>>> print(open('entry05.cif').read())   # mmCIF, C-alpha atoms
data_work
loop_
_atom_site.label_atom_id
_atom_site.label_comp_id
_atom_site.auth_asym_id
_atom_site.auth_seq_id
_atom_site.Cartn_x
_atom_site.Cartn_y
_atom_site.Cartn_z
CA MET A 1 24.86 -0.21 46.14
CA SER A 2 22.38 1.19 43.71
CA ASP A 3 20.83 -0.73 40.88
CA ASN A 4 21.16 1.95 38.24
CA LEU A 5 22.10 -0.33 35.37
CA MET A 6 20.02 1.50 32.82
CA SER A 7 21.52 2.10 29.42
CA MET A 8 23.22 5.48 29.31
CA ASP A 9 23.92 7.59 26.28
CA GLY A 10 27.07 9.51 27.05
CA LEU A 11 30.33 7.64 27.48
CA ASP A 12 31.43 10.19 30.09
CA ASP A 13 28.36 9.44 32.19
CA ILE A 14 28.84 5.69 31.86
CA LEU A 15 32.49 5.84 32.87
CA ALA A 16 31.62 8.18 35.75
CA LEU A 17 29.17 5.53 36.94
CA VAL A 18 31.79 2.79 36.58
CA HIS A 19 34.32 4.91 38.47
CA GLU A 20 31.93 5.59 41.34
CA GLU A 21 30.94 1.92 41.48
CA LEU A 22 34.57 0.79 41.56
CA GLU A 23 35.46 3.28 44.29
CA GLY A 24 32.37 2.16 46.17
CA GLY A 25 33.41 -1.51 46.18
CA ALA A 26 32.02 -2.94 42.94
CA SER A 27 33.00 -6.49 42.01
CA GLY A 28 33.98 -7.81 38.60
CA ASP A 29 30.45 -9.15 38.26
CA ARG A 30 29.05 -5.67 38.79
CA VAL A 31 31.33 -4.19 36.14
CA LYS A 32 30.22 -6.90 33.72
CA ALA A 33 26.59 -6.13 34.49
CA ILE A 34 27.13 -2.44 33.69
CA ALA A 35 28.89 -3.45 30.45
CA GLU A 36 25.97 -5.71 29.51
CA ALA A 37 23.55 -2.85 30.12
CA ASN A 38 25.65 -0.57 27.91
CA PRO A 39 26.92 -2.82 25.10
CA GLN A 40 27.90 0.16 22.93
CA ALA A 41 30.53 1.05 25.53
CA ARG A 42 31.57 -2.47 26.56
CA ASP A 43 35.21 -2.16 25.49
CA GLU A 44 35.61 1.26 27.07
CA ILE A 45 34.04 0.07 30.34
CA PHE A 46 36.37 -2.91 30.58
CA ALA A 47 39.40 -0.84 29.61
CA PHE A 48 38.49 1.79 32.21
CA ALA A 49 38.05 -0.86 34.92
CA GLU A 50 41.33 -2.44 33.88
CA ALA A 51 43.14 0.91 34.15
CA TRP A 52 41.55 1.53 37.54
CA PHE A 53 42.46 -1.94 38.79
CA ALA A 54 46.08 -1.55 37.71
CA SER A 55 46.46 1.76 39.51
CA ASP A 56 46.56 2.92 43.10
CA GLY A 57 45.21 6.27 41.95
CA SER A 58 46.82 9.63 42.44
CA ASP A 59 49.10 10.23 45.39
CA LEU A 60 48.08 13.90 45.49
CA SER A 61 45.25 14.37 47.96
CA ASP A 62 43.04 17.43 47.94
CA ASP A 63 44.46 18.42 51.33
CA THR A 64 47.92 18.70 49.83
CA LEU A 65 48.46 22.21 48.56
CA GLY A 66 50.82 23.07 45.75
CA ILE A 67 50.83 22.99 42.00
CA GLY A 68 53.92 21.03 41.04
CA GLN A 69 55.97 21.43 37.92
CA THR A 70 54.49 23.73 35.30
CA VAL A 71 52.44 21.79 32.80
CA SER A 72 54.18 20.95 29.54
CA LYS A 73 53.46 23.11 26.47
CA HIS A 74 51.53 25.66 28.52
CA ASP A 75 51.78 28.36 25.85
CA THR A 76 49.98 26.14 23.34
CA LEU A 77 47.48 25.24 26.03
CA LEU A 78 46.63 28.88 26.69
CA ASP A 79 46.21 29.53 22.97
CA ARG A 80 43.84 26.61 22.70
CA PHE A 81 41.92 27.67 25.80
CA TRP A 82 41.22 31.14 24.44
CA LYS A 83 40.33 29.84 20.98
CA LEU A 84 37.75 27.54 22.54
CA ALA A 85 36.51 30.11 25.05
CA ASP A 86 32.97 31.22 24.54
CA ALA A 87 32.99 35.01 24.44
CA GLY A 88 29.24 35.34 24.58
CA SER A 89 27.48 35.66 27.89
CA GLU A 90 24.26 37.14 29.15
CA ASP A 91 24.30 40.82 30.08
CA PRO A 92 23.06 40.74 33.69
CA PHE A 93 22.11 44.44 33.46
CA LYS A 94 20.20 44.15 30.20
CA ASN A 95 16.86 45.94 30.32
CA ALA A 96 17.58 47.30 33.80
CA ASP A 97 15.79 50.64 34.21
CA ILE A 98 16.67 53.35 36.70
CA GLY A 99 14.55 51.69 39.36
CA ASP A 100 16.34 48.38 38.87
CA LEU A 101 19.73 50.07 39.03
CA GLU A 102 18.79 51.79 42.28
CA ARG A 103 17.64 48.49 43.75
CA ILE A 104 20.77 46.63 42.59
CA ALA A 105 23.04 49.40 43.91
CA ALA A 106 21.31 49.45 47.30
CA ALA A 107 21.48 45.66 47.60
CA SER A 108 25.17 45.80 46.72
CA ARG A 109 26.06 48.57 49.21
CA ILE A 110 27.08 51.06 46.52
CA ASP A 111 25.20 53.94 44.87
CA THR A 112 23.83 54.23 41.35
CA SER A 113 26.61 56.52 40.16
CA ILE A 114 29.21 53.85 41.00
CA LEU A 115 27.02 51.15 39.52
CA ARG A 116 26.71 53.13 36.28
CA LEU A 117 30.50 53.43 36.06
CA ILE A 118 30.80 49.67 36.61
CA VAL A 119 28.07 48.79 34.12
CA ARG A 120 29.67 51.01 31.50
CA ARG A 121 32.94 49.25 32.28
CA PHE A 122 34.71 52.46 33.23
CA VAL A 123 36.09 50.76 36.33
CA ASP A 124 39.10 48.45 36.02
CA GLU A 125 37.51 45.11 36.91
CA MET A 126 40.63 43.74 38.57
CA THR A 127 40.28 46.45 41.21
CA ILE A 128 36.68 45.53 42.05
CA PRO A 129 36.40 43.43 45.22
CA SER A 130 35.12 39.92 44.58
CA LYS A 131 32.62 40.57 47.36
CA LEU A 132 30.92 43.16 45.15
CA ILE A 133 30.86 40.76 42.17
CA VAL A 134 29.03 38.24 44.35
CA LEU A 135 26.59 40.90 45.62
CA LEU A 136 25.89 42.08 42.06
CA ALA A 137 25.23 38.48 40.99
CA GLU A 138 22.80 38.00 43.86
CA ALA A 139 21.05 41.32 43.18
CA THR A 140 20.64 40.63 39.45
CA GLY A 141 19.89 36.92 39.83
CA ALA A 142 22.79 36.14 37.52
CA HIS A 143 25.71 33.74 37.95
CA VAL A 144 28.95 35.21 39.27
CA LYS A 145 30.66 34.05 36.08
CA ASP A 146 28.20 36.02 33.93
CA VAL A 147 28.66 39.22 35.92
CA TRP A 148 32.43 38.81 35.69
CA SER A 149 32.36 37.96 32.01
CA PHE A 150 30.26 41.05 31.34
CA LEU A 151 32.55 43.33 33.32
CA THR A 152 35.65 42.07 31.55
CA ALA A 153 34.29 42.67 28.07
CA VAL A 154 35.76 45.49 26.01
CA PRO A 155 34.83 48.84 27.62
CA THR A 156 31.90 50.66 26.06
CA VAL A 157 33.11 53.36 23.68
CA VAL A 158 30.91 56.31 22.96
CA THR A 159 29.95 56.69 19.30
CA ALA A 160 31.69 60.04 19.01
CA ASP A 161 35.02 58.33 19.59
CA TYR A 162 34.82 56.72 16.17
CA PHE A 163 34.77 60.16 14.56
CA ALA A 164 37.22 61.91 16.84
CA PRO A 165 40.28 63.41 15.06
CA ALA A 166 42.57 61.38 17.28
CA GLY A 167 40.72 58.18 16.42
CA ARG A 168 39.11 55.72 18.76
CA ARG A 169 40.28 56.06 22.33
CA SER A 170 40.68 53.11 24.60
CA GLY A 171 39.76 55.38 27.48
CA SER A 172 41.45 55.35 30.83
CA ARG A 173 39.62 53.33 33.38
CA ILE A 174 39.50 54.28 37.00
CA SER A 175 40.12 52.06 39.95
CA PHE A 176 37.28 50.97 42.18
CA ALA A 177 38.96 52.71 45.13
CA GLU A 178 38.93 55.96 43.15
CA ALA A 179 35.26 55.50 42.34
CA ILE A 180 34.50 54.92 46.00
CA ARG A 181 36.50 57.92 47.22
CA ASN A 182 34.81 60.23 44.70
CA SER A 183 31.33 58.96 45.51
CA ASP A 184 28.65 60.23 47.85
CA LEU A 185 28.61 57.00 49.86
CA THR A 186 28.50 57.32 53.62
CA PRO A 187 31.87 57.22 55.39
CA ALA A 188 30.91 53.80 56.79
CA ASP A 189 30.20 52.36 53.33
CA LYS A 190 33.37 53.89 51.91
CA GLN A 191 35.36 52.34 54.74
CA PHE A 192 33.61 49.00 54.17
CA TRP A 193 34.78 48.81 50.57
CA LEU A 194 38.22 50.27 51.11
CA ALA A 195 38.77 47.66 53.82
CA HIS A 196 37.91 44.96 51.27
CA LEU A 197 40.63 46.36 49.08
CA GLY A 198 43.08 46.22 51.94
CA ILE A 199 43.36 50.01 51.97
CA MET B 200 27.28 30.29 46.50
CA LYS B 201 25.48 28.39 43.75
CA PRO B 202 25.27 24.62 44.28
CA LEU B 203 27.03 22.30 41.86
CA ILE B 204 25.00 20.86 39.00
CA GLY B 205 26.65 17.48 38.32
CA LYS B 206 25.13 14.41 39.94
CA ASP B 207 26.48 11.17 41.29
CA LYS B 208 25.30 7.67 40.30
CA ASP B 209 22.41 7.85 42.73
CA GLY B 210 21.22 11.19 41.38
CA ARG B 211 22.53 13.22 44.31
CA PRO B 212 24.08 16.53 43.28
CA TYR B 213 27.82 16.88 43.74
CA SER B 214 28.63 19.02 46.75
CA ARG B 215 31.64 20.96 47.93
CA LEU B 216 33.24 19.98 51.22
CA ARG B 217 32.40 22.31 54.08
CA GLU B 218 36.04 23.40 54.41
CA VAL B 219 36.14 24.17 50.68
CA GLU B 220 33.02 26.33 50.93
CA GLU B 221 34.51 28.16 53.90
CA GLU B 222 37.74 28.80 52.02
CA ILE B 223 35.86 30.10 48.98
CA LYS B 224 33.79 32.43 51.17
CA ALA B 225 36.96 33.74 52.79
CA VAL B 226 38.65 34.19 49.40
CA LEU B 227 35.69 36.22 48.14
CA GLU B 228 36.39 38.76 50.87
CA TRP B 229 39.83 39.47 49.40
CA PRO B 230 40.81 41.61 46.42
CA LEU B 231 40.72 39.41 43.31
CA PRO B 232 44.39 39.84 42.33
CA GLN B 233 45.35 38.49 45.75
CA ALA B 234 42.99 35.53 45.40
CA PHE B 235 44.25 34.78 41.89
CA GLY B 236 47.86 35.05 43.04
CA LEU B 237 47.47 32.65 45.96
CA ALA B 238 45.48 30.15 43.90
CA ALA B 239 48.07 30.22 41.10
CA GLU B 240 50.84 29.59 43.60
CA GLY B 241 49.02 26.55 44.97
CA LYS B 242 48.41 28.14 48.36
CA LEU B 243 44.66 27.48 48.22
CA ARG B 244 42.80 24.20 47.97
CA PRO B 245 42.63 22.87 44.40
CA GLN B 246 38.82 23.00 44.53
CA THR B 247 39.02 26.73 45.30
CA LEU B 248 41.32 27.18 42.32
CA VAL B 249 38.67 25.52 40.15
CA TYR B 250 35.93 27.73 41.65
CA LEU B 251 37.91 30.86 40.72
CA LEU B 252 38.70 29.43 37.30
CA ARG B 253 35.04 28.75 36.58
CA ASN B 254 33.55 31.91 38.01
CA PHE B 255 36.05 34.59 37.09
CA LYS B 256 36.85 33.89 33.45
CA PRO B 257 37.33 37.23 31.76
CA ASN B 258 36.06 37.95 28.27
CA ARG B 259 39.57 38.26 26.95
CA PRO B 260 42.99 36.79 27.75
CA GLU B 261 44.24 38.20 31.02
CA PRO B 262 47.66 37.34 32.51
CA GLN B 263 46.42 36.81 36.05
CA TYR B 264 43.66 34.51 34.84
CA ASP B 265 46.10 32.72 32.53
CA SER B 266 48.16 31.87 35.60
CA LEU B 267 45.09 30.09 37.04
CA ILE B 268 44.70 28.06 33.85
CA VAL B 269 48.35 27.02 33.95
CA ALA B 270 48.03 26.19 37.67
CA PHE B 271 44.99 24.01 37.00
CA PHE B 272 46.68 22.04 34.22
CA SER B 273 49.93 21.76 36.16
CA ARG B 274 48.11 20.29 39.15
CA LEU B 275 46.11 18.03 36.85
CA GLN B 276 49.24 16.67 35.18
CA ARG B 277 50.97 16.18 38.52
CA SER B 278 47.89 14.34 39.84
CA GLY B 279 47.98 11.97 36.89
CA GLU B 280 51.70 11.15 36.99
CA PRO B 281 51.33 8.07 39.26
CA LEU B 282 48.61 6.67 37.00
CA VAL B 283 50.74 6.74 33.87
CA ARG B 284 53.88 5.46 35.56
CA GLY B 285 54.88 2.24 33.88
CA MET B 286 53.53 3.21 30.49
CA SER B 287 55.88 3.83 27.58
CA GLU B 288 56.97 7.43 27.06
CA LEU B 289 54.92 7.62 23.88
CA HIS B 290 51.77 6.40 25.61
CA ARG B 291 52.33 8.67 28.61
CA GLU B 292 52.56 11.63 26.27
CA ARG B 293 49.39 10.56 24.47
CA VAL B 294 47.52 10.21 27.75
CA HIS B 295 48.62 13.65 29.00
CA GLU B 296 47.54 15.23 25.71
CA ALA B 297 44.19 13.41 25.74
CA VAL B 298 43.58 14.62 29.29
CA LYS B 299 44.35 18.21 28.29
CA ASP B 300 41.96 17.95 25.34
CA LYS B 301 39.21 16.57 27.53
CA ALA B 302 39.74 19.12 30.31
CA LEU B 303 39.63 21.98 27.80
CA ARG B 304 36.38 20.58 26.43
CA LEU B 305 34.88 20.21 29.92
CA MET B 306 35.86 23.81 30.69
CA GLN B 307 34.14 24.96 27.54
CA LEU B 308 31.00 23.03 28.48
CA GLY B 309 31.11 24.21 32.09
CA ARG B 310 31.37 20.64 33.35
CA LEU B 311 34.15 20.83 35.89
CA ASP B 312 31.77 20.29 38.82
CA ILE B 313 33.48 17.11 39.90
CA PHE B 314 36.72 19.05 40.37
CA GLU B 315 35.03 21.43 42.81
CA MET B 316 33.83 18.44 44.81
CA SER B 317 37.14 16.55 44.64
CA PHE B 318 40.03 17.56 42.40
CA LYS B 319 41.66 14.17 42.98
CA THR B 320 38.58 12.26 41.83
CA GLY B 321 38.15 14.50 38.79
CA ALA B 322 41.80 14.11 37.83
CA GLU B 323 41.77 10.33 38.31
CA ARG B 324 38.63 10.01 36.20
CA LEU B 325 40.11 11.98 33.33
CA TYR B 326 43.35 10.02 33.46
CA LEU B 327 41.70 6.60 33.69
CA THR B 328 39.45 7.49 30.76
CA ALA B 329 42.43 8.62 28.71
CA ILE B 330 44.55 5.60 29.65
CA ALA B 331 41.70 3.30 28.61
CA ALA B 332 41.30 5.12 25.30
CA VAL B 333 45.03 5.06 24.53
CA ARG B 334 45.27 1.35 25.36
CA LEU B 335 42.25 0.51 23.24
CA ARG B 336 43.81 2.30 20.27
CA ALA B 337 47.25 0.81 20.81
CA ARG B 338 46.43 -2.88 21.18
CA THR B 339 48.41 -5.00 18.80
CA GLU B 340 49.31 -8.62 18.51
CA ILE B 341 51.76 -9.79 21.17
CA SER B 342 54.70 -11.59 19.70
CA ARG B 343 55.62 -14.96 21.12
CA GLU B 344 59.09 -13.61 21.89
CA ASP B 345 57.59 -11.19 24.38
CA LEU B 346 56.15 -14.05 26.34
CA VAL B 347 57.77 -16.51 28.65
CA GLU B 348 57.56 -20.26 28.98
CA ALA B 349 56.55 -20.75 25.39
CA ASP B 350 56.44 -24.50 25.85
CA SER B 351 54.18 -24.48 28.86
CA GLU B 352 50.59 -23.58 29.31
CA ALA B 353 48.45 -22.81 32.30
CA THR B 354 44.73 -22.64 32.57
CA GLY B 355 42.97 -19.76 34.23
CA GLU B 356 42.03 -22.14 37.00
CA GLU B 357 45.63 -23.03 37.77
CA THR B 358 46.62 -19.40 37.96
CA ALA B 359 43.57 -18.72 40.03
CA ASP B 360 44.81 -21.37 42.39
CA ALA B 361 48.13 -19.56 42.71
CA LEU B 362 46.29 -16.34 43.35
CA GLY B 363 43.43 -18.23 44.97
CA PHE B 364 42.28 -15.61 47.40
CA VAL B 365 41.59 -13.10 44.67
CA ALA B 366 40.15 -15.37 42.02
CA ASP B 367 36.58 -14.49 42.76
CA SER B 368 34.70 -12.15 40.45
CA SER B 369 32.13 -11.36 43.13
CA MET B 370 34.86 -9.95 45.38
CA PRO B 371 35.06 -6.14 45.43
CA LEU B 372 37.75 -5.18 42.97
CA ALA B 373 39.16 -2.65 45.41
CA GLU B 374 39.73 -5.49 47.88
CA ALA B 375 41.24 -7.73 45.22
CA ARG B 376 43.53 -4.90 44.20
CA VAL B 377 44.89 -4.62 47.74
CA GLU B 378 45.32 -8.39 48.00
CA LEU B 379 47.15 -8.53 44.70
CA LYS B 380 49.43 -5.61 45.39
CA GLU B 381 52.38 -7.76 46.35
CA VAL B 382 52.16 -9.73 43.13
CA TRP B 383 51.10 -6.86 40.94
CA ASP B 384 54.36 -4.94 41.05
CA ARG B 385 56.17 -7.97 39.59
CA LEU B 386 53.87 -8.48 36.63
CA THR B 387 54.23 -6.99 33.19
CA GLU B 388 51.44 -4.82 31.82
CA LYS B 389 50.20 -7.69 29.64
CA GLU B 390 50.27 -10.17 32.53
CA ARG B 391 48.26 -7.74 34.64
CA GLN B 392 45.71 -7.36 31.88
CA ALA B 393 45.38 -11.11 31.47
CA VAL B 394 44.94 -11.62 35.23
CA PHE B 395 42.41 -8.80 35.42
CA TYR B 396 40.24 -10.01 32.56
CA VAL B 397 40.35 -13.74 33.22
CA LEU B 398 40.46 -13.85 37.01
CA GLN B 399 38.75 -10.68 38.12
CA LEU B 400 36.21 -10.10 35.37
CA ASP B 401 35.88 -13.83 34.71
CA ILE B 402 35.68 -13.49 30.97
CA THR B 403 36.94 -16.25 28.71
CA GLU B 404 40.57 -16.51 27.69
CA LYS B 405 39.45 -16.11 24.09
CA GLU B 406 37.62 -12.85 24.82
CA ALA B 407 40.54 -11.62 26.93
CA GLY B 408 42.80 -12.41 23.99
CA ALA B 409 40.60 -10.33 21.72
CA LYS B 410 40.92 -7.40 24.13
CA LEU B 411 44.69 -7.68 24.32
CA GLY B 412 45.12 -8.35 20.63
CA CYS B 413 46.44 -11.89 21.04
CA SER B 414 45.30 -15.49 21.01
CA ASP B 415 43.76 -17.39 23.90
CA ARG B 416 46.91 -19.49 23.90
CA ASN B 417 48.97 -16.37 24.53
CA ILE B 418 46.64 -15.45 27.37
CA ARG B 419 47.40 -18.80 28.96
CA TYR B 420 51.13 -18.08 28.67
CA LEU B 421 50.64 -14.77 30.39
CA LEU B 422 48.65 -16.40 33.17
CA LYS B 423 51.31 -19.06 33.60
CA SER B 424 53.95 -16.41 33.89
CA ALA B 425 51.86 -14.50 36.43
CA GLN B 426 51.29 -17.73 38.35
CA LYS B 427 55.02 -18.41 38.49
CA LYS B 428 55.77 -14.91 39.77
CA ALA B 429 53.02 -15.14 42.37
CA LEU B 430 54.33 -18.43 43.70
CA ALA B 431 57.86 -16.99 43.89
CA ILE B 432 56.77 -14.56 46.57
CA PRO B 433 57.68 -16.05 49.99
CA ASN B 434 54.75 -14.49 51.88
CA LEU B 435 52.34 -15.71 49.29
CA ARG B 436 53.80 -19.23 49.32
CA ALA B 437 53.51 -19.35 53.11
CA ARG B 438 49.97 -18.08 52.95
CA ARG B 439 48.98 -20.62 50.32
CA ALA B 440 50.62 -23.36 52.41
CA ARG B 441 48.60 -22.29 55.45
CA GLU B 442 45.44 -22.32 53.38
CA ARG B 443 46.16 -25.84 52.10
CA ALA B 444 46.90 -27.02 55.62
#
>>> encode(input="entry05.cif", output="structure tokens")
Amino acid sequence: MSDNLMSMDGLDDILALVHEELEGGASGDRVKAIAEANPQARDEIFAFAEAWFASDGSDLSDDTLGIGQTVSKHDTLLDRFWKLADAGSEDPFKNADIGDLERIAAASRIDTSILRLIVRRFVDEMTIPSKLIVLLAEATGAHVKDVWSFLTAVPTVVTADYFAPAGRRSGSRISFAEAIRNSDLTPADKQFWLAHLGI
Amino acid sequence: MKPLIGKDKDGRPYSRLREVEEEIKAVLEWPLPQAFGLAAEGKLRPQTLVYLLRNFKPNRPEPQYDSLIVAFFSRLQRSGEPLVRGMSELHRERVHEAVKDKALRLMQLGRLDIFEMSFKTGAERLYLTAIAAVRLRARTEISREDLVEADSEATGEETADALGFVADSSMPLAEARVELKEVWDRLTEKERQAVFYVLQLDITEKEAGAKLGCSDRNIRYLLKSAQKKALAIPNLRARRARERA
């Protein structure tokens, strides 16, 4: 058992330590020692240990699949999730010049014309294989979540749309399969991606 | 696949189980709607659900992604049900809401790593934290009417004698918990708290009383009651008799 009894700042970190210690066979003396090292969280540490001691834990192991009954008040939960959600994320393609785009496209087994459509968000992101999202993340050095967040942002609208007589157009987005079929990729690469789409 | 960032008490980064990594790799070969659909239906491991939730959050509300959020919280609530069993309905509701608040906050901060390592551990940690917080807020003076044997008292030592094999604060609490299981189910929440603080943590009856919002005298009543229930268990009586012999 480790001796990491140093004072910790965050209550979450302290209780995580207590939890790990308890699961690892800590005694009451050990819990007291952690509480003495973190007097600002003494009550919370004891209350956490008490709750742990009084419980056998969850009966739902990670090997048991299933979701169970739908969580209560899920509509409110979704509203709160999206209100809290951080809309800002790094643009993984920011400052990418033509050379970069060619390199990213080649590393991702597509061509630059498809990549341009994707970067301009003209491709419906839900039709893009997750494999390609991962490859784009690797090629740009970004996190998968940042690539995905970027691709799901509002599609780029050309300036002229704001002044068009019909007003701003949302623009129809094409499917990834359509982009692949209309591309100049080799038959093997086309087949590779269509197979990922189950086509 | 990027490694997890969170670390355990010894400074080792959290890691996904090999079978979880393999499932995630397989899932990434499928079209996303299919992956989202299976995860939302609970047909993938809960850690894979969390991976998809963390890595494929769109920039705007999206029904298929919403189904992942609902699946995550549904599984979380189901995981916590056994931990809140025995609490009053009001307290159960408060705990569930506190867990939702905390999980939403952790999502916002990108700190769901523990759930990718073990959903069960992550869920238990959130629930235990929330239960502790709700109990700390709710502690009030125990009325004498709620207690038994008002005219008798027991010292911690006497109760420890009844539960002798667990009255050792250097004993791993996990072991003590197993040993006490037979007695535990018969104790009230307050009796359990008194036994835990006085016998397992070895803090004074006065300090235990402060934690439960009652006097040290009331703590002794609770211990006496726990002692009586422990001695009423045939197996325990036989075991104690063997020990004395």
>>> atom_distance(input="entry05.cif", atom1="atom CA of Ala270 of chain B", atom2="atom CA of Ile67 of chain A")
6.1 Å
>>> atom_distance(input="entry05.cif", atom1="atom CA of Phe318 of chain B", atom2="atom CA of Leu251 of chain B")
13.6 Å
>>> closest_residue(input="entry05.cif", among="A:Asp146, A:Asp12, A:Glu50, A:Asp79", to="Arg253 of chain B", atoms="all atoms listed in the file")
A:Asp146
>>> interface_residues(input="entry05.cif", of="chain B", to="chain A", cutoff="6 Å", atoms="all atoms listed in the file", output="list of chain:residue names")
B:Lys208, B:Leu227, B:Glu228, B:Pro230, B:Leu231, B:Gly241, B:Lys242, B:Asn254, B:Phe255, B:Pro257, B:Asn258, B:Phe272, B:Ser273, B:Arg274, B:Ser278, B:Pro281, B:Leu282, B:Leu327, B:Thr328, B:Ala331, B:Ser368, B:Ser369, B:Met370, B:Pro371, B:Leu372, B:Ala373, B:Gln399, B:Leu400
>>> atom_distance(input="entry05.cif", atom1="atom CA of Arg284 of chain B", atom2="atom CA of Arg324 of chain B")
15.9 Å
>>> resolve_selection(input="entry05.cif", expression="the PyMOL selection byres ((chain A and resi 171-176) around 7)", output="list of chain:residue names")
A:Phe122, A:Val123, A:Asp124, A:Thr127, A:Ile128, A:Arg169, A:Ser170, A:Ala177, A:Glu178, A:Ala179, A:Ile180
>>> resolve_selection(input="entry05.cif", expression="the PyMOL selection byres ((chain B and resi 206) around 12)", output="count of residues only")
21
>>> residues_near_point(input="entry05.cif", point="(35.5, 24.9, 52.7)", cutoff="12 Å", atoms="only C-alpha atoms", output="PyMOL selection string")
(chain A and resi 62-63) or (chain B and resi 200+214-226+243-247+250+315-317)
>>> write_last_selection(input="entry05.cif", atoms="C-alpha atoms", output="short mmCIF file (atom, residue, chain, number, x, y, z; two decimals), in the frame of the given file")
data_model
loop_
_atom_site.label_atom_id
_atom_site.label_comp_id
_atom_site.auth_asym_id
_atom_site.auth_seq_id
_atom_site.Cartn_x
_atom_site.Cartn_y
_atom_site.Cartn_z
CA ASP A 62 43.04 17.43 47.94
CA ASP A 63 44.46 18.42 51.33
CA MET B 200 27.28 30.29 46.50
CA SER B 214 28.63 19.02 46.75
CA ARG B 215 31.64 20.96 47.93
CA LEU B 216 33.24 19.98 51.22
CA ARG B 217 32.40 22.31 54.08
CA GLU B 218 36.04 23.40 54.41
CA VAL B 219 36.14 24.17 50.68
CA GLU B 220 33.02 26.33 50.93
CA GLU B 221 34.51 28.16 53.90
CA GLU B 222 37.74 28.80 52.02
CA ILE B 223 35.86 30.10 48.98
CA LYS B 224 33.79 32.43 51.17
CA ALA B 225 36.96 33.74 52.79
CA VAL B 226 38.65 34.19 49.40
CA LEU B 243 44.66 27.48 48.22
CA ARG B 244 42.80 24.20 47.97
CA PRO B 245 42.63 22.87 44.40
CA GLN B 246 38.82 23.00 44.53
CA THR B 247 39.02 26.73 45.30
CA TYR B 250 35.93 27.73 41.65
CA GLU B 315 35.03 21.43 42.81
CA MET B 316 33.83 18.44 44.81
CA SER B 317 37.14 16.55 44.64
#
>>> residues_around(input="entry05.cif", residues="segment 290-302 of chain B", least_positions_apart="3", cutoff="6 Å", atoms="only C-alpha atoms", output="count of residues only")
7
>>> resolve_selection(input="entry05.cif", expression="the PyMOL selection byres ((chain A and resi 100-102) around 10)", output="ChimeraX atom specification")
/A:93,95-99,103-108,110-113,115-116,119,139-140
